Amino acid sequence: MPEKNGTDGPNGAAGNGSDSSSAGGNGAKKRVAVIVEGAKAVRTQATQEIKALKHPEKTDLWKSMLRVKHDETPRSRALGVLSNVFLHLHPAKINRDAVAYRYTWGMGGMTFYVYITLVFTGTLLMFYYHPSKIVAFRDILYLEHDVPFGKLLRNMHRWGAHLMVIMVELHMFRVFLTGSYKSPRQFNWVVGVILLVLTLLLSFTGYLLPDDQLGFWAVTVGTNMARATPLLGHDGPFGRQLGMTPFNDVRFGLLGGSIVDANALLRAYIWHCVAIPIIASTFMVVHFWRVRKDGGISGPAPVMLESEIKEPRKF
Ligand code: HEM
């Protein structure tokens, strides 16, 4: 404590002789006591601050951002999820077994992850590629041999595309094995089939873009099949009767001409880089939204752990 008046302090005007020396001793003791007390207060405060670090949810900073109590009751945990802009995308409660990898194989999530990687690497590839008959193949050679990490970028995109096709099929296989196509998920199964077709179309349109022999002949064979489309192909059922010719049928529309040439390359590019990704992303959003609306991922009936079973109430 600070001195109350000047009499007992070392500079006190009233102190004299032995009295003054004993008063000086007392003053020193008091000052030591003050320092010890201060040190104790600092220690208590430091301990409290360290405790607060271990429990950040008790700090003012935390409470200013997250206003809901985060204790362990099911209600407040659910509120914590629902009132957070990022967490609310996830359901507040899920069936423990439905998210087990042994059940879902994580294939839907991984397909989506590969898709995002493909969008990213594809966007980077667009910086080096021109969809023109004159330079397309040269751009690919330039990417492979001269652009730093160009080969890696191209191969990430190509292998990613193969991987996505495999994963989407495995995902579909899992959904089939677990019977998740049944009611109420039949609509999402149909959305899934559309996503499968879009995934294959992405692969197919990407195939032509390097403008090499492989892609050229693959697209020649693929689009030749379109000649046999019922009603819309000039070789398909009722095509001729409806006036279809090689110059106005569905194949002509796909290629922008009657042969695989510059127009076909440009069309493949626009479908591959703009139209199909937009359509596929939209359907993916619908697909994920439906998973939530259909009651979350299907799964074995929820089970309770022995520790979760409550004793029946006694009256
Ligand atoms: C781009 C392609 C696709 C993506 C990104 C995708 C993504 C997902 C994701 C993340 C889930 C949550 C559960 C899980 O991971 O297994 C899911 C569920 C589901 N998917 Fe897909 N999917 C795709 C294609 C398909 C296909 C081709 C089908 C079937 C024809 C399909 C049918 C379903 C169904 C019925 C569910 C609900 C399953 C359940 O509740 O157990 N999806 N999908």
# chains A, B, ... in the order shown; residues from 1 in each chain; ligands from 1

call {"tool": "select_by_dssp", "arguments": {"residues": "region 200-301 of chain A", "states": "helix (DSSP H, G or I)", "output": "JSON, numbers by chain"}}
result
{"A": [200, 201, 202, 203, 204, 205, 206, 207, 208, 213, 214, 215, 216, 217, 218, 219, 220, 221, 222, 223, 224, 225, 226, 227, 228, 250, 251, 252, 253, 254, 255, 262, 263, 264, 265, 266, 267, 268, 269, 270, 271, 272, 273, 274, 275, 276, 277, 278, 279, 280, 281, 282, 283, 284, 285, 286, 287, 288, 289, 290, 291, 292, 293]}

call {"tool": "residues_near_ligand", "arguments": {"ligand": "ligand 1", "cutoff": "7 Å", "atoms": "only C-alpha atoms and all ligand atoms", "output": "compact mmCIF listing (two decimals) with N, CA and C atoms, in the first residue's frame"}}
result
# COMPACT_ATOMS: atom_id res chain seq x y z
N THR A 104 -20.39 -45.07 -47.59
CA THR A 104 -20.50 -44.22 -48.79
C THR A 104 -19.30 -44.38 -49.72
N TRP A 105 -18.22 -44.93 -49.22
CA TRP A 105 -16.92 -44.99 -49.93
C TRP A 105 -16.39 -43.58 -50.20
N GLY A 106 -17.11 -42.57 -49.74
CA GLY A 106 -16.69 -41.18 -49.97
C GLY A 106 -16.65 -40.82 -51.44
N MET A 107 -17.29 -41.64 -52.28
CA MET A 107 -17.11 -41.49 -53.73
C MET A 107 -17.78 -40.23 -54.29
N GLY A 108 -18.97 -39.89 -53.77
CA GLY A 108 -19.63 -38.68 -54.27
C GLY A 108 -18.77 -37.46 -53.96
N GLY A 109 -18.30 -37.38 -52.71
CA GLY A 109 -17.46 -36.25 -52.29
C GLY A 109 -16.18 -36.20 -53.11
N THR A 111 -15.69 -37.43 -56.11
CA THR A 111 -16.00 -37.04 -57.49
C THR A 111 -16.06 -35.52 -57.57
N PHE A 112 -16.72 -34.92 -56.56
CA PHE A 112 -16.85 -33.46 -56.56
C PHE A 112 -15.47 -32.80 -56.42
N VAL A 168 -17.25 -41.49 -60.64
CA VAL A 168 -18.69 -41.30 -60.73
C VAL A 168 -19.38 -42.67 -60.93
N GLU A 169 -18.70 -43.57 -61.63
CA GLU A 169 -19.29 -44.90 -61.82
C GLU A 169 -19.26 -45.71 -60.52
N HIS A 171 -19.35 -44.38 -57.59
CA HIS A 171 -20.36 -43.74 -56.74
C HIS A 171 -21.76 -44.28 -57.07
N MET A 172 -22.01 -44.39 -58.38
CA MET A 172 -23.30 -44.90 -58.83
C MET A 172 -23.47 -46.36 -58.38
N VAL A 175 -24.32 -46.40 -54.73
CA VAL A 175 -25.72 -45.99 -54.52
C VAL A 175 -26.64 -47.16 -54.87
N SER A 180 -29.92 -46.99 -52.46
CA SER A 180 -30.27 -45.59 -52.17
C SER A 180 -31.01 -44.92 -53.32
N TYR A 181 -31.25 -45.66 -54.40
CA TYR A 181 -32.02 -45.10 -55.51
C TYR A 181 -33.52 -45.19 -55.24
N ARG A 185 -35.47 -41.20 -52.73
CA ARG A 185 -34.30 -40.65 -53.43
C ARG A 185 -34.34 -40.88 -54.94
N GLN A 186 -35.49 -41.28 -55.47
CA GLN A 186 -35.54 -41.61 -56.90
C GLN A 186 -35.27 -40.40 -57.78
N ASN A 188 -33.25 -37.91 -57.02
CA ASN A 188 -31.82 -37.64 -57.01
C ASN A 188 -31.06 -38.65 -57.86
N TRP A 189 -31.60 -39.86 -57.96
CA TRP A 189 -30.98 -40.84 -58.86
C TRP A 189 -31.02 -40.33 -60.31
N VAL A 190 -32.18 -39.75 -60.67
CA VAL A 190 -32.32 -39.22 -62.04
C VAL A 190 -31.35 -38.05 -62.26
N VAL A 191 -31.27 -37.17 -61.24
CA VAL A 191 -30.30 -36.07 -61.34
C VAL A 191 -28.89 -36.66 -61.51
N GLY A 192 -28.62 -37.75 -60.78
CA GLY A 192 -27.32 -38.43 -60.88
C GLY A 192 -27.05 -38.95 -62.28
N VAL A 193 -28.08 -39.53 -62.90
CA VAL A 193 -27.90 -40.06 -64.26
C VAL A 193 -27.53 -38.91 -65.21
N LEU A 195 -25.99 -36.23 -64.35
CA LEU A 195 -24.59 -35.87 -64.04
C LEU A 195 -23.61 -36.84 -64.68
N LEU A 196 -24.01 -38.12 -64.72
CA LEU A 196 -23.14 -39.12 -65.36
C LEU A 196 -22.99 -38.80 -66.85
N THR A 199 -20.79 -35.85 -67.29
CA THR A 199 -19.38 -36.20 -67.07
C THR A 199 -18.80 -36.83 -68.33
N MET A 284 -25.12 -30.26 -60.01
CA MET A 284 -24.48 -30.71 -58.77
C MET A 284 -25.09 -30.01 -57.55
N HIS A 287 -28.22 -31.67 -56.91
CA HIS A 287 -27.94 -33.00 -56.37
C HIS A 287 -27.65 -32.94 -54.84
N PHE A 288 -26.80 -31.99 -54.46
CA PHE A 288 -26.42 -31.89 -53.03
C PHE A 288 -27.61 -31.41 -52.21
N VAL A 291 -29.86 -34.26 -51.57
CA VAL A 291 -29.37 -35.18 -50.53
C VAL A 291 -29.89 -34.70 -49.17
N GLY A 296 -30.94 -36.47 -45.73
CA GLY A 296 -29.51 -36.78 -45.59
C GLY A 296 -29.17 -38.07 -46.31
N ILE A 297 -27.88 -38.42 -46.24
CA ILE A 297 -27.43 -39.64 -46.90
C ILE A 297 -28.19 -40.81 -46.29
N SER A 298 -28.60 -41.74 -47.15
CA SER A 298 -29.34 -42.89 -46.62
C SER A 298 -28.40 -43.68 -45.72
N GLY A 299 -28.89 -44.71 -45.13
CA GLY A 299 -27.97 -45.48 -44.28
C GLY A 299 -28.71 -46.45 -43.44

call {"tool": "closest_atom_pairs", "arguments": {"of": "region 84-164 of chain A", "to": "region 257-267 of chain A", "cutoff": "9 Å", "atoms": "only C-alpha atoms", "output": "Markdown table"}}
result
| residue | atom | partner | partner_atom | distance |
| --- | --- | --- | --- | --- |
| A:Pro131 | CA | A:Leu266 | CA | 5.6 |
| A:Ser132 | CA | A:Ala262 | CA | 6.5 |
| A:Lys133 | CA | A:Ala262 | CA | 5.5 |
| A:Ile134 | CA | A:Ala262 | CA | 8.9 |

call {"tool": "write_last_selection", "arguments": {"atoms": "N, CA and C atoms", "output": "mmCIF file, in the first residue's frame"}}
result
data_model
loop_
_atom_site.group_PDB
_atom_site.id
_atom_site.type_symbol
_atom_site.label_atom_id
_atom_site.label_comp_id
_atom_site.auth_asym_id
_atom_site.auth_seq_id
_atom_site.Cartn_x
_atom_site.Cartn_y
_atom_site.Cartn_z
ATOM 1 N N PRO A 131 -8.530 -22.348 -79.572
ATOM 2 C CA PRO A 131 -9.326 -23.368 -80.265
ATOM 3 C C PRO A 131 -9.327 -23.140 -81.776
ATOM 4 N N SER A 132 -8.163 -23.188 -82.373
ATOM 5 C CA SER A 132 -8.096 -22.952 -83.817
ATOM 6 C C SER A 132 -7.298 -24.069 -84.470
ATOM 7 N N LYS A 133 -7.744 -24.484 -85.643
ATOM 8 C CA LYS A 133 -7.102 -25.591 -86.358
ATOM 9 C C LYS A 133 -5.610 -25.317 -86.574
ATOM 10 N N ILE A 134 -5.268 -24.038 -86.716
ATOM 11 C CA ILE A 134 -3.883 -23.707 -87.064
ATOM 12 C C ILE A 134 -2.952 -23.902 -85.859
#

call {"tool": "atom_distance", "arguments": {"atom1": "CA of Trp159 (chain A)", "atom2": "CA of Leu143 (chain A)"}}
result
15.9 Å

call {"tool": "residues_around", "arguments": {"residues": "region 86-94 of chain A", "least_positions_apart": "3", "cutoff": "9 Å", "atoms": "only C-alpha atoms", "output": "number ranges by chain"}}
result
A: 77-83, 97-99, 292, 295-297

call {"tool": "residues_around", "arguments": {"residues": "region 115-130 of chain A", "least_positions_apart": "6", "cutoff": "10 Å", "atoms": "only C-alpha atoms", "output": "ChimeraX atom specification"}}
result
/A:109,136-140,142-143,147,150,152-161,163-164,199,209-210,266,269,272-273,277,280-281

call {"tool": "atom_distance", "arguments": {"atom1": "CA of Tyr103 (chain A)", "atom2": "CA of Glu306 (chain A)"}}
result
21.8 Å

call {"tool": "closest_residue", "arguments": {"among": "A:Leu200, A:Ala100, A:Ala46, A:Ala218", "to": "Met167 (chain A)", "atoms": "only C-alpha atoms"}}
result
A:Leu200

call {"tool": "residues_around", "arguments": {"residues": "Met244 (chain A)", "least_positions_apart": "3", "cutoff": "9 Å", "atoms": "only C-alpha atoms", "output": "short mmCIF file (atom, residue, chain, number, x, y, z; two decimals) with C-alpha atoms, in the first residue's frame"}}
result
data_model
loop_
_atom_site.label_atom_id
_atom_site.label_comp_id
_atom_site.auth_asym_id
_atom_site.auth_seq_id
_atom_site.Cartn_x
_atom_site.Cartn_y
_atom_site.Cartn_z
CA LEU A 231 -36.07 -38.55 -86.13
CA LEU A 232 -33.07 -36.16 -85.95
CA GLY A 233 -30.37 -38.18 -87.77
CA HIS A 234 -30.39 -38.62 -91.54
CA ASP A 235 -29.70 -42.39 -91.14
CA PHE A 238 -37.91 -41.70 -89.75
CA GLY A 239 -35.01 -39.29 -90.36
CA ARG A 240 -35.25 -39.33 -94.14
CA GLN A 241 -39.02 -39.12 -94.05
CA PHE A 247 -26.36 -31.04 -94.02
CA ASN A 248 -29.21 -30.35 -91.63
CA ASP A 249 -29.38 -33.22 -89.13
CA VAL A 250 -28.27 -33.43 -85.49
#

call {"tool": "atom_distance", "arguments": {"atom1": "CA of Lys51 (chain A)", "atom2": "CA of Val85 (chain A)"}}
result
28.3 Å

call {"tool": "residues_around", "arguments": {"residues": "region 58-66 of chain A", "least_positions_apart": "5", "cutoff": "8 Å", "atoms": "only C-alpha atoms", "output": "count of residues only"}}
result
3

call {"tool": "closest_residue", "arguments": {"among": "A:Ala268, A:Asp211, A:Thr229, A:His162", "to": "Arg251 (chain A)", "atoms": "only C-alpha atoms"}}
result
A:Thr229

call {"tool": "decode", "arguments": {"residues": "region 166-205 of chain A", "atoms": "N, CA and C atoms", "output": "JSON list (two decimals), in the first residue's frame"}}
result
[["chain", "number", "residue", "atom", "x", "y", "z"],
["A", 166, "ILE", "N", -14.19, -42.76, -63.58],
["A", 166, "ILE", "CA", -14.15, -43.97, -62.76],
["A", 166, "ILE", "C", -14.91, -43.74, -61.44],
["A", 167, "MET", "N", -14.65, -42.57, -60.83],
["A", 167, "MET", "CA", -15.26, -42.31, -59.52],
["A", 167, "MET", "C", -16.76, -42.17, -59.60],
["A", 168, "VAL", "N", -17.25, -41.49, -60.64],
["A", 168, "VAL", "CA", -18.69, -41.30, -60.73],
["A", 168, "VAL", "C", -19.38, -42.67, -60.93],
["A", 169, "GLU", "N", -18.70, -43.57, -61.63],
["A", 169, "GLU", "CA", -19.29, -44.90, -61.82],
["A", 169, "GLU", "C", -19.26, -45.71, -60.52],
["A", 170, "LEU", "N", -18.15, -45.57, -59.78],
["A", 170, "LEU", "CA", -18.09, -46.26, -58.48],
["A", 170, "LEU", "C", -19.15, -45.71, -57.53],
["A", 171, "HIS", "N", -19.35, -44.38, -57.59],
["A", 171, "HIS", "CA", -20.36, -43.74, -56.74],
["A", 171, "HIS", "C", -21.76, -44.28, -57.07],
["A", 172, "MET", "N", -22.01, -44.39, -58.38],
["A", 172, "MET", "CA", -23.30, -44.90, -58.83],
["A", 172, "MET", "C", -23.47, -46.36, -58.38],
["A", 173, "PHE", "N", -22.38, -47.11, -58.48],
["A", 173, "PHE", "CA", -22.41, -48.52, -58.08],
["A", 173, "PHE", "C", -22.73, -48.64, -56.57],
["A", 174, "ARG", "N", -22.10, -47.75, -55.78],
["A", 174, "ARG", "CA", -22.35, -47.77, -54.33],
["A", 174, "ARG", "C", -23.81, -47.44, -54.04],
["A", 175, "VAL", "N", -24.32, -46.40, -54.73],
["A", 175, "VAL", "CA", -25.72, -45.99, -54.52],
["A", 175, "VAL", "C", -26.64, -47.16, -54.87],
["A", 176, "PHE", "N", -26.28, -47.89, -55.92],
["A", 176, "PHE", "CA", -27.09, -49.04, -56.33],
["A", 176, "PHE", "C", -27.01, -50.14, -55.27],
["A", 177, "LEU", "N", -25.78, -50.45, -54.81],
["A", 177, "LEU", "CA", -25.61, -51.54, -53.84],
["A", 177, "LEU", "C", -26.36, -51.27, -52.54],
["A", 178, "THR", "N", -26.38, -49.99, -52.11],
["A", 178, "THR", "CA", -27.04, -49.68, -50.84],
["A", 178, "THR", "C", -28.53, -49.41, -51.04],
["A", 179, "GLY", "N", -29.00, -49.57, -52.25],
["A", 179, "GLY", "CA", -30.43, -49.37, -52.53],
["A", 179, "GLY", "C", -30.87, -47.94, -52.35],
["A", 180, "SER", "N", -29.92, -46.99, -52.46],
["A", 180, "SER", "CA", -30.27, -45.59, -52.17],
["A", 180, "SER", "C", -31.01, -44.92, -53.32],
["A", 181, "TYR", "N", -31.25, -45.66, -54.40],
["A", 181, "TYR", "CA", -32.02, -45.10, -55.51],
["A", 181, "TYR", "C", -33.52, -45.19, -55.24],
["A", 182, "LYS", "N", -33.87, -45.93, -54.15],
["A", 182, "LYS", "CA", -35.31, -46.13, -53.88],
["A", 182, "LYS", "C", -35.93, -44.88, -53.26],
["A", 183, "SER", "N", -37.25, -44.87, -53.21],
["A", 183, "SER", "CA", -37.97, -43.75, -52.61],
["A", 183, "SER", "C", -37.41, -43.45, -51.22],
["A", 184, "PRO", "N", -37.20, -42.20, -50.82],
["A", 184, "PRO", "CA", -37.57, -40.95, -51.49],
["A", 184, "PRO", "C", -36.45, -40.39, -52.37],
["A", 185, "ARG", "N", -35.47, -41.20, -52.73],
["A", 185, "ARG", "CA", -34.30, -40.65, -53.43],
["A", 185, "ARG", "C", -34.34, -40.88, -54.94],
["A", 186, "GLN", "N", -35.49, -41.28, -55.47],
["A", 186, "GLN", "CA", -35.54, -41.61, -56.90],
["A", 186, "GLN", "C", -35.27, -40.40, -57.78],
["A", 187, "PHE", "N", -35.69, -39.19, -57.30],
["A", 187, "PHE", "CA", -35.44, -37.98, -58.10],
["A", 187, "PHE", "C", -33.94, -37.72, -58.17],
["A", 188, "ASN", "N", -33.25, -37.91, -57.02],
["A", 188, "ASN", "CA", -31.82, -37.64, -57.01],
["A", 188, "ASN", "C", -31.06, -38.65, -57.86],
["A", 189, "TRP", "N", -31.60, -39.86, -57.96],
["A", 189, "TRP", "CA", -30.98, -40.84, -58.86],
["A", 189, "TRP", "C", -31.02, -40.33, -60.31],
["A", 190, "VAL", "N", -32.18, -39.75, -60.67],
["A", 190, "VAL", "CA", -32.32, -39.22, -62.04],
["A", 190, "VAL", "C", -31.35, -38.05, -62.26],
["A", 191, "VAL", "N", -31.27, -37.17, -61.24],
["A", 191, "VAL", "CA", -30.30, -36.07, -61.34],
["A", 191, "VAL", "C", -28.89, -36.66, -61.51],
["A", 192, "GLY", "N", -28.62, -37.75, -60.78],
["A", 192, "GLY", "CA", -27.32, -38.43, -60.88],
["A", 192, "GLY", "C", -27.05, -38.95, -62.28],
["A", 193, "VAL", "N", -28.08, -39.53, -62.90],
["A", 193, "VAL", "CA", -27.90, -40.06, -64.26],
["A", 193, "VAL", "C", -27.53, -38.91, -65.21],
["A", 194, "ILE", "N", -28.21, -37.76, -65.01],
["A", 194, "ILE", "CA", -27.87, -36.59, -65.85],
["A", 194, "ILE", "C", -26.41, -36.19, -65.62],
["A", 195, "LEU", "N", -25.99, -36.23, -64.35],
["A", 195, "LEU", "CA", -24.59, -35.87, -64.04],
["A", 195, "LEU", "C", -23.61, -36.84, -64.68],
["A", 196, "LEU", "N", -24.01, -38.12, -64.72],
["A", 196, "LEU", "CA", -23.14, -39.12, -65.36],
["A", 196, "LEU", "C", -22.99, -38.80, -66.85],
["A", 197, "VAL", "N", -24.12, -38.51, -67.51],
["A", 197, "VAL", "CA", -24.08, -38.18, -68.94],
["A", 197, "VAL", "C", -23.22, -36.94, -69.17],
["A", 198, "LEU", "N", -23.39, -35.92, -68.28],
["A", 198, "LEU", "CA", -22.62, -34.69, -68.44],
["A", 198, "LEU", "C", -21.13, -34.95, -68.25],
["A", 199, "THR", "N", -20.79, -35.85, -67.29],
["A", 199, "THR", "CA", -19.38, -36.20, -67.07],
["A", 199, "THR", "C", -18.80, -36.83, -68.33],
["A", 200, "LEU", "N", -19.56, -37.74, -68.95],
["A", 200, "LEU", "CA", -19.08, -38.40, -70.17],
["A", 200, "LEU", "C", -18.96, -37.40, -71.31],
["A", 201, "LEU", "N", -19.93, -36.46, -71.38],
["A", 201, "LEU", "CA", -19.87, -35.45, -72.44],
["A", 201, "LEU", "C", -18.66, -34.53, -72.27],
["A", 202, "LEU", "N", -18.32, -34.23, -71.01],
["A", 202, "LEU", "CA", -17.13, -33.41, -70.75],
["A", 202, "LEU", "C", -15.89, -34.11, -71.28],
["A", 203, "SER", "N", -15.82, -35.44, -71.01],
["A", 203, "SER", "CA", -14.67, -36.21, -71.47],
["A", 203, "SER", "C", -14.62, -36.22, -72.99],
["A", 204, "PHE", "N", -15.79, -36.42, -73.60],
["A", 204, "PHE", "CA", -15.86, -36.57, -75.05],
["A", 204, "PHE", "C", -15.47, -35.27, -75.77],
["A", 205, "THR", "N", -16.01, -34.14, -75.28],
["A", 205, "THR", "CA", -15.72, -32.87, -75.95],
["A", 205, "THR", "C", -14.25, -32.47, -75.72]]
